[in-house]
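Read the structure below first, then the notes.
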Amino acid sequence: MTAKLILGTEIQKLIFEEIKSEVAQIKEKHGVVPGLVTILVGQNPASISYVTSKIETAHKLGFKEVQDSQPVTITEKELLALIDKYNKDDSINGILVQLPLPKHVDEKKVLNAIDPDKDVDGFHPVNVGRLMIGGSEVKFPPCTPAGIQELIVRSGVDTNGAEVVVVGRSNIVGKPIANMMLQKGKGANSTVTIVHTATKDLASHCKRADVLIVAAGVPGLVKPEWIKPGACVIDVGVNRVGEKISEKTGKKIAILRGDVDFDAAKEIAGSITPVPGGVGPMTIIMLMKNTLKSLKFKLGIA
Ligand code: NAD
């Protein structure tokens, strides 16, 4: 059996068009567009590249986008004042502080200073609490878990009463996606198990999974014999395992592998995400969806 591929590259295009059309409608009816600010401190090349992709996507969707670049010498007090300024700015619906921040700045203090109603990354403790309560309390589900759930829903995987096993317990992927999958509702309502580094027999848990979500950051951790035949496998892992020359650009690019042995797993699973091209492309588009939602909450039309 060869599994159906769940392609984030394709699904994110559909969501892009949905957001774009909704932005145009809101602009016509209410005369406003979603506003997103990204705050970048210093010149870390990876951070510059992430921020640029986010700003470009926001621009293509018709958002107001602000890229606020600050020197690495900015003090914590100045950064907090900047966040306060955007918290009070009516044209800004989403504030994103690109991590990591320099060592002299308390990252937690800065992130917690963002108005929870503009915290489109969904990492503020208030939004973590809202996610835990579930239902209509949820404002901004964190972007990668939200992307995973979209992939599951849009590829027609039935999660109602299903056994979901999540490998990994990080605050950005494992814990939030496990929490989302156990809530009542579409693409959820599952029986959820979280496994991690202290789990005694990883394989036995994975083998029970109708939906196996792997976010460990260990290339090839999940072996094909751990996969239940016909299961849906979501591989969140992005691991750099080497470099190669791109056929398109002639430049050196990273060779990426997931946490699942993809070639063997696709012969057993019912559906599976590839790496790259699965979960990866979903994160930025979900950030845009959260920013649009933030404006809709403000307008009372969410
Ligand atoms: P993390 O390092 O914060 O957490 C990894 C978790 O996996 C930990 O909770 C740990 O207990 C568990 N784990 C590690 N090794 C294990 C093992 N051998 N057995 C069982 N459990 C194990 O990582 P993270 O931030 O959650 O990211 C996980 C992976 O997902 C990484 O490869 C990361 O690059 C990728 N990621 C991708 C996206 C995206 O595609 N947009 C976003 C976030 C993370």
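To be explicit about the labels: the chains of the structure tokens are called A, B, and onward in the order shown, and within each one the residues are counted from 1, while ligands get numbers from 1 in the order they are shown.
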Would you list the residues that come within 9 Å of ligand 1? Count only C-alpha atoms and all ligand atoms and give the answer as a PyMOL selection string. chain A and resi 143-145+147+167-175+195-199+202+214-219+221-222+235-240+257-259+275-284
Spatial neighbours of Gly42 (chain A), 10 Å, only C-alpha atoms, chain gap at least 5 places, as a VMD selection string: chain A and resid 47 to 48 69 to 74 100 to 102
Those same residues, written as a JSON list (two decimals), in the first residue's frame with N, CA, C and O atoms?
[["chain", "number", "residue", "atom", "x", "y", "z"],
["A", 47, "SER", "N", 16.80, 34.49, 11.42],
["A", 47, "SER", "CA", 15.67, 35.31, 11.86],
["A", 47, "SER", "C", 15.24, 36.28, 10.76],
["A", 47, "SER", "O", 14.04, 36.48, 10.53],
["A", 48, "ILE", "N", 16.23, 36.86, 10.06],
["A", 48, "ILE", "CA", 15.91, 37.80, 8.97],
["A", 48, "ILE", "C", 15.09, 37.06, 7.91],
["A", 48, "ILE", "O", 14.07, 37.54, 7.42],
["A", 69, "SER", "N", 12.83, 46.73, 12.63],
["A", 69, "SER", "CA", 14.14, 46.16, 12.94],
["A", 69, "SER", "C", 14.85, 47.02, 13.96],
["A", 69, "SER", "O", 14.93, 48.23, 13.80],
["A", 70, "GLN", "N", 15.34, 46.38, 15.00],
["A", 70, "GLN", "CA", 16.00, 47.10, 16.09],
["A", 70, "GLN", "C", 17.44, 46.60, 16.25],
["A", 70, "GLN", "O", 17.71, 45.43, 15.98],
["A", 71, "PRO", "N", 18.35, 47.49, 16.70],
["A", 71, "PRO", "CA", 19.73, 47.04, 16.87],
["A", 71, "PRO", "C", 19.86, 46.06, 18.04],
["A", 71, "PRO", "O", 19.02, 46.07, 18.95],
["A", 72, "VAL", "N", 20.88, 45.24, 17.99],
["A", 72, "VAL", "CA", 21.10, 44.22, 19.01],
["A", 72, "VAL", "C", 21.35, 44.85, 20.39],
["A", 72, "VAL", "O", 21.19, 44.20, 21.42],
["A", 73, "THR", "N", 21.68, 46.15, 20.38],
["A", 73, "THR", "CA", 21.97, 46.87, 21.63],
["A", 73, "THR", "C", 20.71, 47.40, 22.33],
["A", 73, "THR", "O", 20.81, 47.99, 23.40],
["A", 74, "ILE", "N", 19.54, 47.20, 21.73],
["A", 74, "ILE", "CA", 18.31, 47.72, 22.34],
["A", 74, "ILE", "C", 18.18, 47.17, 23.78],
["A", 74, "ILE", "O", 18.49, 45.99, 24.03],
["A", 100, "PRO", "N", 15.45, 34.04, 18.44],
["A", 100, "PRO", "CA", 15.81, 34.39, 19.81],
["A", 100, "PRO", "C", 16.11, 35.87, 19.98],
["A", 100, "PRO", "O", 16.45, 36.55, 19.01],
["A", 101, "LEU", "N", 15.98, 36.33, 21.24],
["A", 101, "LEU", "CA", 16.36, 37.72, 21.58],
["A", 101, "LEU", "C", 17.76, 37.70, 22.19],
["A", 101, "LEU", "O", 18.19, 36.65, 22.69],
["A", 102, "PRO", "N", 18.47, 38.85, 22.17],
["A", 102, "PRO", "CA", 19.80, 38.86, 22.77],
["A", 102, "PRO", "C", 19.75, 38.50, 24.27],
["A", 102, "PRO", "O", 18.70, 38.69, 24.90]]
With DSSP run on the backbone, what are the helix (DSSP H, G or I) residues within region 29-109 of chain A? I'd like them as number ranges by chain. A: 29-30, 45-60, 76-88, 107-109
Quick one: residues within 10 Å of region 44-46 of chain A, only C-alpha atoms, excluding same-chain residues fewer than 3 positions away - as number ranges by chain? A: 40-41, 49-52, 72, 99-101
Could you tell me which of A:Gly122, A:Ala162, A:Asp210, A:Pro229 comes closest to Pro176 (chain A) if we count only C-alpha atoms? A:Gly122
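Remark: for Lys207 (chain A), the closest of the candidate residues A:Phe262, A:Leu151, A:Ala269, A:Leu96 is A:Ala269 (distances computed over only C-alpha atoms).
Interatomic distance, CA of Gly270 (chain A) against CA of Ile6 (chain A): 10.2 Å.
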Quick one: residues within 10 Å of Ile133 (chain A), only C-alpha atoms, excluding same-chain residues fewer than 4 positions away - as a ChimeraX atom specification? /A:127-129,137-138,179-180,183
Okay, now the selection with all heavy atoms, as a compact mmCIF listing (two decimals), in the first residue's frame?
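part-v9.txt written:
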# COMPACT_ATOMS: atom_id res chain seq x y z
N ASN A 127 -3.32 33.01 26.36
CA ASN A 127 -3.79 32.22 25.21
C ASN A 127 -3.55 30.72 25.40
O ASN A 127 -4.31 29.90 24.88
CB ASN A 127 -3.12 32.73 23.93
CG ASN A 127 -3.79 34.02 23.48
OD1 ASN A 127 -5.02 34.12 23.51
ND2 ASN A 127 -3.00 35.01 23.11
N VAL A 128 -2.51 30.37 26.16
CA VAL A 128 -2.29 28.95 26.48
C VAL A 128 -3.46 28.47 27.34
O VAL A 128 -4.00 27.37 27.12
CB VAL A 128 -0.93 28.76 27.21
CG1 VAL A 128 -0.74 27.31 27.63
CG2 VAL A 128 0.23 29.19 26.30
N GLY A 129 -3.90 29.31 28.29
CA GLY A 129 -5.05 28.98 29.14
C GLY A 129 -6.33 28.86 28.33
O GLY A 129 -7.11 27.93 28.50
N GLU A 137 -13.58 29.78 23.86
CA GLU A 137 -12.54 30.53 24.58
C GLU A 137 -11.29 30.73 23.72
O GLU A 137 -10.53 31.67 23.92
CB GLU A 137 -12.12 29.77 25.84
CG GLU A 137 -13.10 29.82 26.97
CD GLU A 137 -13.24 31.22 27.56
OE1 GLU A 137 -12.23 31.94 27.65
OE2 GLU A 137 -14.36 31.58 27.92
N VAL A 138 -11.05 29.80 22.77
CA VAL A 138 -9.79 29.82 22.02
C VAL A 138 -9.77 31.00 21.06
O VAL A 138 -10.69 31.18 20.27
CB VAL A 138 -9.59 28.50 21.22
CG1 VAL A 138 -8.26 28.52 20.48
CG2 VAL A 138 -9.69 27.29 22.13
N ASN A 179 -3.38 18.91 23.36
CA ASN A 179 -4.53 19.57 23.98
C ASN A 179 -5.64 19.84 22.97
O ASN A 179 -6.83 19.64 23.24
CB ASN A 179 -4.04 20.87 24.64
CG ASN A 179 -5.15 21.59 25.34
OD1 ASN A 179 -5.91 21.00 26.08
ND2 ASN A 179 -5.28 22.86 25.06
N MET A 180 -5.24 20.27 21.76
CA MET A 180 -6.24 20.57 20.73
C MET A 180 -6.98 19.31 20.28
O MET A 180 -8.17 19.34 19.99
CB MET A 180 -5.57 21.26 19.53
CG MET A 180 -5.14 22.69 19.83
SD MET A 180 -3.90 23.31 18.68
CE MET A 180 -4.87 23.64 17.23
N GLN A 183 -9.94 18.19 22.58
CA GLN A 183 -11.13 19.03 22.74
C GLN A 183 -12.28 18.46 21.90
O GLN A 183 -12.05 17.72 20.96
CB GLN A 183 -10.83 20.46 22.26
CG GLN A 183 -9.65 21.12 22.94
CD GLN A 183 -9.89 21.49 24.40
OE1 GLN A 183 -11.02 21.46 24.88
NE2 GLN A 183 -8.83 21.83 25.11
Could you pull out all residues of region 2-217 of chain A with a DSSP call of strand (DSSP E) and give them as a PyMOL selection string? chain A and resi 4-5+35-41+64-70+94-97+163-167+191-195+211-214
Please provide as a PDB file with C-alpha atoms, in the first residue's frame all residues within 9 Å of Leu287 (chain A), with the sequence filter that same-chain residues fewer than 6 positions apart are discarded (counting only C-alpha atoms).
ATOM      1  CA  LYS A  54       6.188  36.441   7.085  1.00  0.00           C
ATOM      2  CA  GLY A  94      -0.905  41.059  15.488  1.00  0.00           C
ATOM      3  CA  VAL A 120      -1.102  35.919  17.123  1.00  0.00           C
ATOM      4  CA  ASP A 121       1.673  33.394  17.885  1.00  0.00           C
ATOM      5  CA  PHE A 140      -5.163  32.156  18.728  1.00  0.00           C
ATOM      6  CA  PRO A 142      -0.305  28.380  18.152  1.00  0.00           C
ATOM      7  CA  CYS A 143       0.580  28.320  14.463  1.00  0.00           C
ATOM      8  CA  THR A 144       2.317  24.950  13.940  1.00  0.00           C
TER       9      THR A 144
END
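Using only C-alpha atoms for every distance, the candidate list A:Val110, A:Leu212, A:Val66, A:Val164 yields A:Val164 as the residue closest to Thr191 (chain A).
Between Lys244 (chain A) and the residues A:Lys109, A:Arg130, A:Leu256, A:Ala209, the shortest atom-to-atom distance, using only C-alpha atoms, involves A:Leu256.
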Could you please determine the separation between CA of Leu111 (chain A) and CA of Ala58 (chain A) in Å, to one decimal place? 21.1 Å
Best match for closeness to Asn160 (chain A) among A:Ile148, A:Val233, A:Val211, A:Val126, counting only C-alpha atoms: A:Val211
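Between Gly156 (chain A) and the residues A:Ala188, A:Ala203, A:Ala264, A:Leu61, the shortest atom-to-atom distance, using only C-alpha atoms, involves A:Ala188.
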Between CA of Ile26 (chain A) and CA of Gly62 (chain A), what distance in Å does the model show, to one decimal? 10.9 Å
